[in-house]
Structures are given as C-alpha cells and as structure tokens.
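Student: Structure below; questions to follow.
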Amino acid sequence: MAESVRDRWLSIGMSVLLHGSLIVLLALGWWHFREPAPAPTPPIDATVVDARTLKGVGVAPTPSPQKKAPPQAQPQQPPPAPVEGPPPPTPDEVAMRQQAAKEEAEHEALAQQRLQAREAQRKAAEAAAAEQAEEAQKAEEEQAAAQAAAQAKKLAAAQKAAAKLAAKKKLAEERKLADEKKLAAQQAAAERAARVADLNQSLQEDERATAASGALASWTSEITSRIQNAWIRPPTAQRGLKCVLNVGLVQGGSVTSVSIGECNGDDAVRQSIQTAVYNASPLPAPPDGIAFPSQLIITFQPTN
Amino acid sequence: MKPTPRMASLLRISLVVLMGACLAPTAARAQLQIQITSGVSNPVPIAIVPFAEAPNNGTDVAAVVQHDLVGSGRFTELPRNKMPGTPTTAADVKFADWKAAGSDYVVVGQVEPVAGGQLAVDFNLLNALTGQSIARQRFVGTASALRNAAHRVSDVIYQAITGIRGAFATRIAYVAIAGQGGAERFQLVVADADGYNQHLILESRFPLMSPAWSPDGQWLSYVSFENHLSAVYVQRVLTGQRSRVSMRAGINGAPAWSPDGKKLALTLSGDSGHPQIYVLDLSNQHLTRVTDSPSINTEATWSPDGRYLYFTSDRAGEPQIYRCAATPGSIPERITFTDEYNAGPHVSADGKLLAMVTRDDSGSYRIAVQNLTTGEFRMLTPGRLDQSPSFAPNGASIMYAARPGQAAAGILATISVDGLTGLSLKPTQGEVRDPAWGPFIQ
C-alpha cells in the first residue's frame, strides 16, 4: 500500500505540475494575447521632410489586419527632432556677400538641397528600414502570436479532446455502471420473483398441508377413538405399557394384518390390542386427497 | 456478492429441503402414527361352544366354563341359540361366522374316555378375528372331577384373555346351619368356588365359626363352641385329623393363618373381658400378645408379607380398622376413616386392597374396598346385611355372606372388585355364613 500511496502522491504531484504548467501556459498565452510585450524597437532618428520632395518614396503599406489575428497594437511614433537654421548675414557684406552669398547660398542651397535630399534619402531609407524592421518585428510578433494562438488552440483542442475523451470515458463508465445496475436490478428482480414464487408455493403447500393436516387430524382421531372403543383393556394393561403395532390395510380400510413390534405387555395385552384393531376394521375412510395408507403404526400406551 | 444462478438454484434446493423437512413429520404422522391411550372395560364377548362329550355324570363342561367366565364379570357369552354352528375342533370353525355373530373368541372342545375309566377334556381357545389358537390343553381325571376340569379350562381362558390367573378351580369353606329350633346342626363345608361339589368337613350341635384356610390349602382353622366353650381348632381338610390349639379362659376366636403357615393370629379375651390380638406359634404353642388396650380388638388378618396385622377395634368408639406390626408392643395405626363402622378386614393377596364391612348412612351393612396406597374407598355391594368378605386368591373377586330380603336365609355371593359383577352361589339348604376363599391349588 505504501507504494501505491507514494504512487498516488507522485501522480497527484505530476498532475499538479501538469495543470500548473498548463495554467501558466494559458495565462502566458492570455497575457500575450491581451498585452503583447512592447517590441524592442530601435530608436528612430527622423527629420521632417516635405512630402512633395519625397516623391517616389514609397510609403510602407499598412499591414492588412490578419484574419482572426489579435488587434495590432499601434507602434508609437517617435517625436520629430527639432530643426535649427544658420545665423542671418551682415548688410556690407550683404551686397557682395549677397552675391557671394547668393551664389554660395545658391550653392549652399543646392548643396543643402542635395544634402537634404541625401538626408531625406537616408532618412527615407532609414525609415524604410525601420518600417521594414518594424514590419519584420510585427510579422515576427504576429507569427509568435499566431504560434501562441496556435499553441493555445492546440492546447485547447488537446484539452478539449482530453475532456471529450474523459467525458466519453465517463459516459462509457456511466453507461457500463448503468448497465451493471440494470443487470443487477434485473437479476434481483428475477430472484425476488423466484423467491416470491417459492414463498407462494410454500404458502400454498402450507395451506394445503394445514388443510390436509386438519383433515388428517380429524381422520386420525376418528381412527383413534374407533380403536379405543374397541379395545377391551385387560387389567394387566396398566400405565407404563407400550406396544407398537404395524397394521396392514387395504383400500376401503380393512385391516389385513396386525404385527406386534416393540411391546412390554403380556399375552393377554397382545391379544386384546390385536383384537381391538381387527374389531375396528374397516377403519374410517381418509379425507379427500389422501390415499389410504397401506400401513399404520399404532401405539398402545395407556395414560392411566 | 452477486448471486449466481448456481447459488440461486442452491438456495431454492435448500428451501425445498427445508420445506420438505417441515412437511415430513406431517406426512409421517399422516401416514403412520396413531396413539391409543385408553380402552374400555367392557366384558369380552366369547362363545363357549358345547363340547363333544362322552357320556358322563351329566356335567356340561362348556356350561360350567361359561358360568365361570361370565360370573367373573369380565366376559359376556354368546347364547347357544345364537351360535352359527357347533364345531368341536378348530378345523371346523368358520371364523367369519363367529366374528359376524359378535364373538371375539371361540372355545371348542371334547370330552372323551381314556384308559383307566378316566375322562380327558381337550379344549382350544381361538381368536375369531385372527383365526389363531391362543391356548389349548388337555385335562385328565375321574368323571367326578369333571367340573374341576371345567374350572381349569376356565382358569386357562381367563388368564389368556385377562392376564390374571384364574381362581375358578379353587375351593371355599363356609359354615352352614341345617335344621331349626333346638335341632340345629352346624356344618363346616368345603366346596368348589362356584358353590358346587360340597364336602362336609365337620358337623356339630354347637356353633361353628370363622373358618380360615392355611396358606397351602391343606388345613382349616375354625372356632367351635363344643361343650359351650369356645376353642380354636386346626383340621386337615382331606383326612379330618384335627387338633385344638387354644382353649383359654374367655373368648378364643377369629383365627388367621400367617402367610408362612407357621402362626395363627387369634382373638383372646382372657379374664379381662377385653379381647386382644395374639399371635400363636403353632410349632411351640408360644403365645405373643400384640394389642394392649382397654377396648375390643378382634378379627385380625395378615398382610401378605406377614409383617402386619389388620384388625377391628372400637378404641375410638365405633369399630374401625387398624394396623399394627405383628410384634409385641407395637402401636396400632388407624386405617379406615370413611363411615362410622368398618369391620371384618381382609387384605388382598397383592396387599393393595383392604376389604371390609362398612355401615353406610342408611344403616345398611355393605362390603367395601379401600385402596391401601391411595386411600380410595369403593362401595361394592348393595347390603343390607353383608358380612365376612374374603378375597379370591387372584384378588379379582370377593366372596361374602349376604342376607337378601327380610328374614331370609343367609347366602353366599361374589362381587368383582370393581363392583360391577355380582353372583349368588348356588343356594344351599338352610343358612350359610362365614365364607373363606381358599388359596390356589397347586
């Protein structure tokens, strides 16, 4: 028993463990599902660009929400970095400078324009990369979520299957139990019926026996009184006498033979009892349904 | 535990067995057991068919037997005119006819002459219901002993059917008074128990009283007032040889032979005038006084074991019966309490019954018996002047002296101890009294 107890504890432990892990998994899945952990997004360094300059720059397509996919969390847009311009020029210089500046400015502007374009390009590239990364992450996340979901689904399915199996098993057991119960009930009923039948039979037999024994008793007493009236008791037939006679009868009650068995009486007593039985012949007819016995045992035993 | 079909069937079988066990005694009783716990005391119906008889002195053996048996009260006869035939041997008996005629038993027999001028009596007692022969015997004797042979037949039949030894072939002694006035003759007579076959033993001008048989039946003791003096004699019955055993002063009376035949109990008064009980040793004439009271003590009789004497005493005023050890100085114990007058005790041979004369409320003297074990008291005879009860040796009957009617002569009669059957003996001439029933004849 100790082993089985240990086994039981082991199995309970295992089950607790299994359930615990299931619960953990479920909770994890649930949590994942409800509040997906913020994806580790790399810091984005972005500049405001005129959208017109960015012609041709592709816009990341917004991922179409996946069917049955959990709602996509909106990635937080990092705030745009502040932009600073160059200081304003002096008036003397203004002319020349204006020229130069103009030229330079033009040049600068051009360079700036190019730089800006490059920057924009880079930024666009970066943004694209970021977007790509984000998309990848998103995809990854989606995949993980999907995986988790799938796993959860699988688990749920497994659980469902297990439950179903358990239910099925339970049902089968119940059915089996019910069947057994039904069978037992049937058997019990059959047995009870048999017993009742037996009882009825025995009651009937008892009734018949009672009726018969009543009839028998009166018949017996008829025979008894007939023989007692026929028995001329000799003086030597005193109390303490006991003689057993085996009396042969034929149908109609005629005595055909009298043989004396155990008898402590003298010859006179033997004569008297033999004579009494013959004188009582024919004996009264038995009640209906009782055959005339072919033999009677008659005991002569005076009580006084 | 689930009952298997096997178990169920086992259960059923055991139920059946149980039920069978319960029913079995009923069935057995039904088939076999009858308990007979009582019977009737009716007389047994018997047919004594006339014997085939050789010429004799006129004795009808069958008639004698029938008279004996019917007179005992235990048999009832089938009258000859109702007999379905006169068979004389068992082979001739058609049992069904005799059974139909109501006889349980049939007696057939023959008397035929045998060598030496004697007669042989053969009889066969048959059970009419079974056809079996129960007893058959042959008695041979002189023609004069034919009645005695018949009594012997009666004895055998009586014992075969009642289980009690018959006492028909026994004798009685009594006193008869012949003649009248001053010419009376007192006779001591011995006869068969039925009163026939009388033999005069002693005849006297003086009163004779109280004959008593010796236990062997060879002797009689009696009181004779020869020469006006009372004396006790013993006399050999067959030879008449006699001797006087007591002739003391006063009363010499009421002799009673002890069971061993060696002693006589006597009533002697001596000079005192108070009769007392004495025991006389016959071998040496030694006399022992048993009672000692200033009252009348008389009529002693022995208990069958010889240890006690029952006697009549008026020590309580009226006569009652007492018992004392047959030894000097014993203290008498009163036995009778029923009635004011009880006298003349006689004890049955089995010591169970005490017969006596009792005076009933009407003043009638009657014979009664008292069971010495239970004290039960039973009046047997009708009275009015019944005296001297004497048991038959088989204890089945009592003989006594009666005086039926006013101033009639005394007669002898018998009564069965159940009081149901009485029989007067053949009337004798004159008056008879003081009967004494003798012992069985060996």
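Going by the structure tokens order, chains are called A, B, ..., each with residues numbered from 1, while ligands are numbered from 1 in the order shown.
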For chain B, list the residues within 7 Å of chain A, counting only C-alpha atoms, and write the list as a ChimeraX atom specification.

Tutor: /B:26,30-42,44,129,160-163

Student: Now that the selection is made, can you save its residues with C-alpha atoms as an mmCIF file, in the first residue's frame?

Tutor:
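Heads up, here's the output in selection31.cif:
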data_model
loop_
_atom_site.group_PDB
_atom_site.id
_atom_site.type_symbol
_atom_site.label_atom_id
_atom_site.label_comp_id
_atom_site.auth_asym_id
_atom_site.auth_seq_id
_atom_site.Cartn_x
_atom_site.Cartn_y
_atom_site.Cartn_z
ATOM 1 C CA THR B 26 -46.853 -34.195 8.958
ATOM 2 C CA ALA B 30 -50.483 -38.664 8.397
ATOM 3 C CA GLN B 31 -49.340 -41.997 7.250
ATOM 4 C CA LEU B 32 -48.459 -43.806 10.331
ATOM 5 C CA GLN B 33 -48.925 -42.571 13.853
ATOM 6 C CA ILE B 34 -51.956 -43.461 15.934
ATOM 7 C CA GLN B 35 -51.796 -43.220 19.710
ATOM 8 C CA ILE B 36 -54.155 -45.330 21.806
ATOM 9 C CA THR B 37 -54.182 -44.098 25.369
ATOM 10 C CA SER B 38 -57.334 -45.639 26.769
ATOM 11 C CA GLY B 39 -59.696 -48.511 26.365
ATOM 12 C CA VAL B 40 -62.977 -49.765 27.689
ATOM 13 C CA SER B 41 -63.724 -52.213 30.484
ATOM 14 C CA ASN B 42 -66.497 -53.981 28.649
ATOM 15 C CA VAL B 44 -65.063 -59.704 26.342
ATOM 16 C CA LEU B 129 -60.644 -62.331 14.391
ATOM 17 C CA ALA B 160 -55.126 -65.906 28.402
ATOM 18 C CA ILE B 161 -57.539 -63.050 27.917
ATOM 19 C CA THR B 162 -57.319 -61.006 31.110
ATOM 20 C CA GLY B 163 -53.736 -61.652 32.030
#

Student: For Leu202 of chain B, work out the shell of residues within 8 Å, counting only C-alpha atoms and skipping chain neighbours fewer than 3 positions away, then give it as a ChimeraX atom specification.

Tutor: /B:187-189,240

Student: Would you mind exporting C-alpha atoms of the selected residues as a PDB file, in the first residue's frame?

Tutor:
ATOM      1  CA  GLN B 187     -71.656 -77.783  59.417  1.00  0.00           C
ATOM      2  CA  LEU B 188     -68.225 -76.881  58.196  1.00  0.00           C
ATOM      3  CA  VAL B 189     -68.374 -77.234  54.419  1.00  0.00           C
ATOM      4  CA  GLY B 240     -60.378 -84.765  59.049  1.00  0.00           C
TER       5      GLY B 240
END

Student: Taking 2 positions as the minimum chain separation for residues in the same chain, which residues sit within 12 Å of Arg185 of chain B when counting only C-alpha atoms? Answer as a PyMOL selection string.

Tutor: chain B and resi 175-183+187-188+200+202-208+429-432

Student: Go ahead and write the selection's residues with C-alpha atoms as a PDB file, in the first residue's frame.

Tutor:
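Wrote it out as out-v2.pdb, contents follow:
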ATOM      1  CA  VAL B 175     -70.479 -72.635  57.769  1.00  0.00           C
ATOM      2  CA  ALA B 176     -73.940 -73.991  57.051  1.00  0.00           C
ATOM      3  CA  ILE B 177     -76.753 -74.315  59.513  1.00  0.00           C
ATOM      4  CA  ALA B 178     -79.156 -77.154  58.957  1.00  0.00           C
ATOM      5  CA  GLY B 179     -82.310 -77.715  60.835  1.00  0.00           C
ATOM      6  CA  GLN B 180     -84.208 -75.355  63.007  1.00  0.00           C
ATOM      7  CA  GLY B 181     -85.206 -74.697  66.548  1.00  0.00           C
ATOM      8  CA  GLY B 182     -83.276 -76.734  69.047  1.00  0.00           C
ATOM      9  CA  ALA B 183     -82.246 -79.281  66.418  1.00  0.00           C
ATOM     10  CA  GLN B 187     -71.656 -77.783  59.417  1.00  0.00           C
ATOM     11  CA  LEU B 188     -68.225 -76.881  58.196  1.00  0.00           C
ATOM     12  CA  LEU B 200     -68.887 -81.779  54.811  1.00  0.00           C
ATOM     13  CA  LEU B 202     -67.349 -81.158  60.377  1.00  0.00           C
ATOM     14  CA  GLU B 203     -70.822 -81.272  61.817  1.00  0.00           C
ATOM     15  CA  SER B 204     -71.664 -80.189  65.350  1.00  0.00           C
ATOM     16  CA  ARG B 205     -74.585 -79.475  67.616  1.00  0.00           C
ATOM     17  CA  PHE B 206     -72.612 -76.479  68.807  1.00  0.00           C
ATOM     18  CA  PRO B 207     -71.917 -73.357  66.864  1.00  0.00           C
ATOM     19  CA  LEU B 208     -69.022 -73.340  64.413  1.00  0.00           C
ATOM     20  CA  GLN B 429     -80.338 -75.686  52.216  1.00  0.00           C
ATOM     21  CA  GLY B 430     -80.667 -73.549  55.248  1.00  0.00           C
ATOM     22  CA  GLU B 431     -78.424 -70.762  56.176  1.00  0.00           C
ATOM     23  CA  VAL B 432     -74.785 -70.275  55.128  1.00  0.00           C
TER      24      VAL B 432
END

Student: Can you tell me, as an NGL selection string, which residues in segment 118-345 of chain B count as alpha helix (DSSP H) by DSSP?

Tutor: :B and (146-162)

Student: Any idea what's packed within 7 Å of segment 140-142 of chain B, counting only C-alpha atoms, ignoring anything in its chain fewer than 6 positions away? Could you give it as a ChimeraX atom specification?

Tutor: /B:118-121

Student: Work out how far atom CA of Asp194 of chain B is from atom CA of Ala436 of chain B, in Å to one decimal.

Tutor: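 For atom CA of Ala436 of chain B relative to atom CA of Asp194 of chain B, the distance reads 12.8 Å.
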